[in-house]
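Everything below belongs to work01.txt, which stores compact mmCIF, C-alpha atoms.
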```
# COMPACT_ATOMS: atom_id res chain seq x y z
CA MET A 1 0.00 0.00 0.00
CA ARG A 2 2.84 2.43 0.69
CA ARG A 3 3.93 2.17 -2.95
CA LEU A 4 0.36 2.90 -4.20
CA LEU A 5 -0.22 6.10 -2.19
CA PRO A 6 2.06 8.37 -4.29
CA LEU A 7 0.50 6.96 -7.47
CA LEU A 8 -3.02 7.57 -6.17
CA ALA A 9 -2.12 11.11 -5.09
CA LEU A 10 -0.66 11.81 -8.53
CA GLY A 11 -3.81 10.49 -10.18
CA PHE A 12 -6.04 12.76 -8.11
CA ALA A 13 -3.86 15.78 -9.00
CA ALA A 14 -4.05 15.02 -12.71
CA ALA A 15 -7.83 14.64 -12.51
CA ALA A 16 -8.13 17.99 -10.75
CA GLN A 17 -6.08 19.70 -13.45
CA ALA A 18 -8.20 18.17 -16.20
CA GLN A 19 -11.43 19.80 -14.92
CA PRO A 20 -12.55 22.44 -17.49
CA SER A 21 -12.71 25.99 -16.21
CA PRO A 22 -16.20 27.47 -16.05
CA ALA A 23 -17.25 29.48 -19.09
CA PRO A 24 -16.93 33.22 -18.49
CA ARG A 25 -20.12 35.17 -18.01
CA VAL A 26 -20.52 37.82 -20.69
CA VAL A 27 -22.95 40.46 -21.88
CA GLN A 28 -23.38 41.46 -25.53
CA VAL A 29 -24.62 44.97 -26.38
CA THR A 30 -24.97 47.23 -29.43
CA GLY A 31 -24.30 50.93 -29.00
CA GLN A 32 -25.50 53.68 -31.34
CA GLY A 33 -23.97 57.08 -32.01
CA GLU A 34 -24.85 59.96 -34.32
CA ALA A 35 -23.30 63.28 -35.34
CA THR A 36 -24.05 65.87 -38.02
CA VAL A 37 -21.96 68.24 -40.10
CA ALA A 38 -22.82 70.89 -42.68
CA PRO A 39 -21.45 70.06 -46.16
CA ASP A 40 -18.90 72.52 -47.49
CA ARG A 41 -18.37 71.23 -51.04
CA ALA A 42 -20.09 69.17 -53.73
CA GLN A 43 -19.12 66.93 -56.62
CA LEU A 44 -21.19 67.59 -59.73
CA SER A 45 -21.45 65.31 -62.75
CA MET A 46 -23.29 66.47 -65.87
CA ALA A 47 -23.31 66.11 -69.64
CA ILE A 48 -24.10 67.88 -72.89
CA GLU A 49 -25.82 65.61 -75.40
CA ALA A 50 -26.69 66.23 -79.05
CA ARG A 51 -28.14 64.17 -81.90
CA ASN A 52 -27.95 64.95 -85.59
CA ALA A 53 -27.69 63.13 -88.88
CA ASP A 54 -24.73 65.35 -89.73
CA LEU A 55 -21.72 64.51 -87.56
CA ALA A 56 -20.21 67.99 -87.93
CA ILE A 57 -23.41 69.64 -86.69
CA ALA A 58 -23.63 67.32 -83.67
CA GLU A 59 -20.01 67.99 -82.75
CA ARG A 60 -20.38 71.74 -83.26
CA SER A 61 -23.38 71.80 -80.95
CA ILE A 62 -21.44 69.98 -78.25
CA ASN A 63 -18.35 72.16 -78.61
CA ASP A 64 -20.32 75.43 -78.57
CA SER A 65 -22.21 74.41 -75.43
CA THR A 66 -18.99 73.22 -73.75
CA ARG A 67 -17.28 76.56 -74.37
CA ALA A 68 -20.31 78.42 -73.05
CA ALA A 69 -20.43 76.20 -69.94
CA LEU A 70 -16.72 76.70 -69.21
CA ALA A 71 -17.04 80.46 -69.62
CA ALA A 72 -20.00 80.46 -67.22
CA LEU A 73 -18.10 78.42 -64.63
CA LYS A 74 -15.04 80.67 -64.87
CA GLY A 75 -17.33 83.68 -64.47
CA LEU A 76 -18.59 82.18 -61.21
CA GLY A 77 -15.04 81.87 -59.90
CA LEU A 78 -14.38 78.14 -60.40
CA LYS A 79 -10.76 77.22 -61.00
CA ASP A 80 -9.36 75.07 -63.81
CA GLU A 81 -8.30 72.32 -61.39
CA ASP A 82 -11.90 71.93 -60.24
CA ILE A 83 -13.30 71.38 -63.76
CA SER A 84 -12.87 68.36 -66.04
CA THR A 85 -14.29 67.98 -69.58
CA ALA A 86 -12.04 65.10 -70.70
CA SER A 87 -14.79 62.54 -71.40
CA TYR A 88 -16.16 62.83 -74.94
CA ALA A 89 -17.85 60.26 -77.16
CA VAL A 90 -19.58 60.10 -80.56
CA ASN A 91 -21.56 57.05 -81.70
CA PRO A 92 -23.73 56.30 -84.71
CA GLU A 93 -27.33 55.30 -83.98
CA TYR A 94 -29.53 52.94 -85.95
CA ASP A 95 -33.17 51.92 -86.08
CA TRP A 96 -34.42 48.46 -86.99
CA VAL A 97 -36.78 48.68 -89.98
CA ASP A 98 -37.99 45.54 -91.77
CA ASN A 99 -35.30 43.46 -90.06
CA ARG A 100 -32.45 45.70 -91.15
CA GLN A 101 -30.47 48.54 -89.63
CA VAL A 102 -31.29 52.02 -90.86
CA PHE A 103 -28.88 54.80 -89.97
CA ARG A 104 -30.59 57.44 -87.83
CA GLY A 105 -27.77 59.83 -87.03
CA TYR A 106 -24.98 60.53 -84.59
CA PHE A 107 -25.15 60.82 -80.82
CA ALA A 108 -22.48 63.03 -79.24
CA ARG A 109 -21.90 63.38 -75.52
CA ARG A 110 -19.48 65.51 -73.48
CA GLU A 111 -19.24 64.90 -69.73
CA ILE A 112 -18.39 67.71 -67.33
CA ASN A 113 -17.27 66.97 -63.77
CA LEU A 114 -16.56 69.68 -61.27
CA THR A 115 -15.91 70.32 -57.61
CA LEU A 116 -17.96 73.18 -56.20
CA ARG A 117 -16.32 74.62 -53.08
CA ASP A 118 -18.89 77.34 -52.43
CA LEU A 119 -22.36 75.82 -52.02
CA ALA A 120 -23.91 79.28 -52.04
CA LYS A 121 -23.28 79.18 -55.81
CA MET A 122 -25.02 75.85 -56.45
CA GLY A 123 -28.19 77.41 -57.88
CA ASP A 124 -26.20 79.89 -59.97
CA VAL A 125 -24.14 77.02 -61.41
CA MET A 126 -27.34 75.16 -62.34
CA GLN A 127 -28.81 78.24 -64.00
CA LYS A 128 -25.68 79.13 -65.98
CA LEU A 129 -25.02 75.58 -67.15
CA THR A 130 -28.62 74.98 -68.20
CA LYS A 131 -28.60 78.16 -70.28
CA ALA A 132 -25.24 77.12 -71.78
CA GLY A 133 -26.74 73.88 -73.10
CA VAL A 134 -26.08 71.31 -70.38
CA ASN A 135 -29.04 68.93 -70.57
CA GLN A 136 -28.09 66.08 -68.21
CA ILE A 137 -27.27 66.69 -64.53
CA ASN A 138 -26.81 64.00 -61.87
CA PRO A 139 -27.70 64.61 -58.21
CA PRO A 140 -24.95 66.59 -56.44
CA VAL A 141 -22.77 64.54 -54.09
CA LEU A 142 -22.43 66.68 -50.96
CA GLN A 143 -19.22 66.31 -48.95
CA SER A 144 -17.52 67.82 -45.92
CA SER A 145 -13.86 68.43 -45.22
CA LYS A 146 -14.64 67.64 -41.55
CA LEU A 147 -16.25 64.26 -42.22
CA LYS A 148 -13.46 62.15 -40.66
CA GLN A 149 -13.60 64.18 -37.47
CA ILE A 150 -17.39 63.83 -37.31
CA GLU A 151 -17.18 60.07 -37.96
CA ARG A 152 -14.84 59.69 -34.97
CA GLY A 153 -17.25 61.68 -32.82
CA ALA A 154 -20.15 59.43 -33.80
CA LEU A 155 -18.01 56.34 -33.11
CA ALA A 156 -17.02 57.63 -29.67
CA ALA A 157 -20.70 58.24 -28.87
CA ALA A 158 -21.57 54.70 -29.99
CA MET A 159 -18.84 53.22 -27.79
CA ASP A 160 -20.00 55.26 -24.80
CA ASP A 161 -23.52 53.98 -25.41
CA ALA A 162 -22.31 50.36 -25.53
CA VAL A 163 -20.30 50.71 -22.31
CA GLY A 164 -23.25 52.39 -20.58
CA GLN A 165 -25.62 49.59 -21.57
CA ALA A 166 -23.19 46.91 -20.41
CA ARG A 167 -22.67 48.67 -17.07
CA VAL A 168 -26.43 48.86 -16.47
CA VAL A 169 -26.74 45.12 -17.13
CA ALA A 170 -23.86 44.32 -14.78
CA GLU A 171 -25.26 46.48 -11.97
CA SER A 172 -28.73 44.97 -12.43
CA LEU A 173 -27.22 41.51 -11.91
CA THR A 174 -25.19 42.70 -8.90
CA MET A 175 -22.00 42.05 -10.81
CA LYS A 176 -19.00 44.05 -11.96
CA LEU A 177 -18.28 44.99 -15.58
CA GLY A 178 -15.06 43.37 -16.74
CA ALA A 179 -12.81 43.75 -19.76
CA VAL A 180 -14.17 44.00 -23.28
CA ARG A 181 -13.72 40.72 -25.18
CA SER A 182 -14.61 41.82 -28.72
CA VAL A 183 -15.70 44.92 -30.63
CA ASN A 184 -17.24 45.23 -34.11
CA VAL A 185 -17.70 48.67 -35.64
CA GLY A 186 -20.07 49.81 -38.39
CA GLY A 187 -21.38 53.09 -39.69
CA SER A 188 -22.60 55.18 -42.60
CA ALA A 189 -22.96 58.78 -43.74
CA VAL A 190 -26.47 59.85 -44.79
CA PRO A 191 -26.57 62.86 -47.16
CA PRO A 192 -29.39 65.39 -46.86
CA PRO A 193 -32.40 65.03 -49.19
CA LEU A 194 -32.13 67.15 -52.31
CA PRO A 195 -34.60 68.12 -55.04
CA SER A 196 -34.25 66.01 -58.17
CA PRO A 197 -31.84 67.33 -60.82
CA ARG A 198 -34.73 67.45 -63.33
CA VAL A 199 -36.72 69.74 -61.04
CA MET A 200 -33.67 71.92 -60.39
CA MET A 201 -32.96 72.18 -64.13
CA MET A 202 -36.58 73.11 -64.88
CA LYS A 203 -36.51 75.83 -62.23
CA ALA A 204 -33.09 77.02 -63.39
CA SER A 205 -34.27 77.43 -66.99
CA ALA A 206 -37.59 79.08 -66.09
CA ASP A 207 -38.04 82.83 -66.23
CA ALA A 208 -38.31 84.01 -62.64
CA PRO A 209 -37.91 87.19 -60.60
CA GLU A 210 -34.36 88.14 -59.71
CA THR A 211 -33.66 85.95 -56.71
CA GLY A 212 -30.66 84.00 -55.50
CA GLY A 213 -29.79 80.92 -57.55
CA ASN A 214 -30.24 78.56 -54.60
CA GLU A 215 -33.63 80.01 -53.78
CA GLN A 216 -34.83 79.85 -57.37
CA THR A 217 -33.72 76.23 -57.90
CA GLY A 218 -34.87 75.07 -54.45
CA PHE A 219 -31.41 74.01 -53.29
CA SER A 220 -30.64 73.79 -49.58
CA ALA A 221 -27.45 72.06 -48.41
CA GLY A 222 -28.87 70.75 -45.11
CA VAL A 223 -26.57 68.53 -43.04
CA ILE A 224 -24.79 65.22 -43.49
CA ARG A 225 -25.80 62.78 -40.74
CA VAL A 226 -23.18 60.25 -39.67
CA GLU A 227 -24.41 57.11 -37.90
CA SER A 228 -22.13 54.64 -36.10
CA SER A 229 -22.79 51.36 -34.34
CA VAL A 230 -20.64 49.25 -32.02
CA ALA A 231 -21.36 45.60 -31.19
CA ALA A 232 -19.31 44.71 -28.10
CA GLU A 233 -18.98 41.82 -25.68
CA PHE A 234 -17.90 42.40 -22.06
CA GLU A 235 -17.01 40.03 -19.25
CA LEU A 236 -19.19 40.02 -16.14
CA LEU A 237 -17.26 39.54 -12.90
CA PRO A 238 -18.46 38.86 -9.36
CA ALA A 239 -19.05 42.05 -7.49
CA PRO A 240 -16.57 42.73 -4.63
CA ALA A 241 -17.81 41.83 -1.19
CA PRO A 242 -19.18 44.78 0.78
```
Starting from the coordinates I provided, produce the structure as structure tokens.
Amino acid sequence: MRRLLPLLALGFAAAAQAQPSPAPRVVQVTGQGEATVAPDRAQLSMAIEARNADLAIAERSINDSTRAALAALKGLGLKDEDISTASYAVNPEYDWVDNRQVFRGYFARREINLTLRDLAKMGDVMQKLTKAGVNQINPPVLQSSKLKQIERGALAAAMDDAVGQARVVAESLTMKLGAVRSVNVGGSAVPPPLPSPRVMMMKASADAPETGGNEQTGFSAGVIRVESSVAAEFELLPAPAP
């Protein structure tokens, strides 16, 4: 028996070490944060389109309107580096008649992309470009030079919300909030609602009393709303004895 005692003691020690540790108690929460910022610039994408059976006439129409649009933009104070007219295309168009292609004419298109750094001129830009011959305008993409800073603010608010929720849960269970085990971050920037480009172009081309361009076209920059979310998991620890 004396020789078996050390072996039995060793066996009990090994069995004790093999016992799995209890799973940690955790709480999972999702925090929300929001911040807003006024846009201070816009990206505009537009085009001049023309159709004609005579290629020279179609191209002349595009070129004349492009020169008029550039002159109008320069007159409003836009700089060369903020204007691009590099994209240009001409394609023949056909109709199907009696199972054969019939030449209809040429379709010419010049794209104009610009960065507008003074949103107070948005309506004036619409008016001038419409009168110059621009006939396709996409919705403005409003941006802010402070967007990164605002995104961090919204993220910090979301994290504070997550920690606050987890602390309430811990206190309700008479426990202590432990270390964070995992964090997943998400978010998005929501631009302000804008009138449709078609409506803005119609208002810009209409004869109206002398008012500001933004007022006449119905443009208001509004604010960009940044939303952030944080999904986090925290440990729950036994509360210290009183």
With all atoms listed in the file counted and 10 Å as the cut-off, give the residues of region 14-110 of chain A in contact with region 142-153 of chain A, each with its shortest interatomic distance in Å and the pair that gives it, as JSON lines.
```
{"residue": "A:Gly33", "atom": "CA", "partner": "A:Gly153", "partner_atom": "CA", "distance": 8.2}
{"residue": "A:Glu34", "atom": "CA", "partner": "A:Gly153", "partner_atom": "CA", "distance": 7.9}
{"residue": "A:Ala35", "atom": "CA", "partner": "A:Ile150", "partner_atom": "CA", "distance": 6.3}
{"residue": "A:Thr36", "atom": "CA", "partner": "A:Ile150", "partner_atom": "CA", "distance": 7.0}
{"residue": "A:Val37", "atom": "CA", "partner": "A:Ile150", "partner_atom": "CA", "distance": 6.9}
{"residue": "A:Ala38", "atom": "CA", "partner": "A:Ser144", "partner_atom": "CA", "distance": 6.9}
{"residue": "A:Pro39", "atom": "CA", "partner": "A:Ser144", "partner_atom": "CA", "distance": 4.5}
{"residue": "A:Asp40", "atom": "CA", "partner": "A:Ser144", "partner_atom": "CA", "distance": 5.1}
{"residue": "A:Arg41", "atom": "CA", "partner": "A:Gln143", "partner_atom": "CA", "distance": 5.4}
{"residue": "A:Ala42", "atom": "CA", "partner": "A:Leu142", "partner_atom": "CA", "distance": 4.4}
{"residue": "A:Gln43", "atom": "CA", "partner": "A:Leu142", "partner_atom": "CA", "distance": 6.6}
{"residue": "A:Leu44", "atom": "CA", "partner": "A:Leu142", "partner_atom": "CA", "distance": 8.9}
```
(request) Give me, please, the distance in Å between CA of Val26 (chain A) and CA of Gly187 (chain A), quoted to one decimal. (result)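 Between CA of Val26 (chain A) and CA of Gly187 (chain A) the gap works out to 24.4 Å.
Residues lying within 12 Å of (-10.9, 69.4, -63.9). Counted over all atoms listed in the file, they are Gln43, Leu44, Ser45, Leu70, Leu73, Leu78, Lys79, Asp80, Glu81, Asp82, Ile83, Ser84, Thr85, Ala86, Ser87, Glu111, Ile112, Asn113, Leu114, Thr115 and Leu116 of chain A.
Here the question is which of A:Lys131, A:Leu155, A:Thr30, A:Ala68 gets nearest to Ser182 (chain A) using all atoms listed in the file, and that residue is A:Thr30.
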(request) Give the answer as one residue: which of A:Ala179, A:Ala156, A:Leu173, A:Ala108 has the shortest atom-to-atom distance to Val230 (chain A), using all atoms listed in the file? (result)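 Selected residue with least distance to Val230 (chain A): A:Ala156.
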(message) Just want the 10 Å neighbourhood of Ser220 (chain A), counted on only C-alpha atoms, with same-chain residues fewer than 2 positions away dropped. Output as a VMD selection string.
(response) chain A and resid 119 to 120 122 to 123 192 to 195 214 to 215 217 to 218 222 to 223
(message) Using all atoms listed in the file, which protein or nucleic acid residues come within 9 Å of Arg25 (chain A)? Drop anything in the same chain fewer than 5 positions from it, and give the result as a ChimeraX atom specification.
(response) /A:234-237
(request) Tell me which of A:Ala47, A:Ala53, A:Ser228, A:Lys128 sits closest to Val102 (chain A), counting only C-alpha atoms. (result) A:Ala53
(request) Work out how far apart CA of Gly75 (chain A) and CA of Ala50 (chain A) are and give it in Å to one decimal. (result)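 Those two atoms sit 24.6 Å apart.
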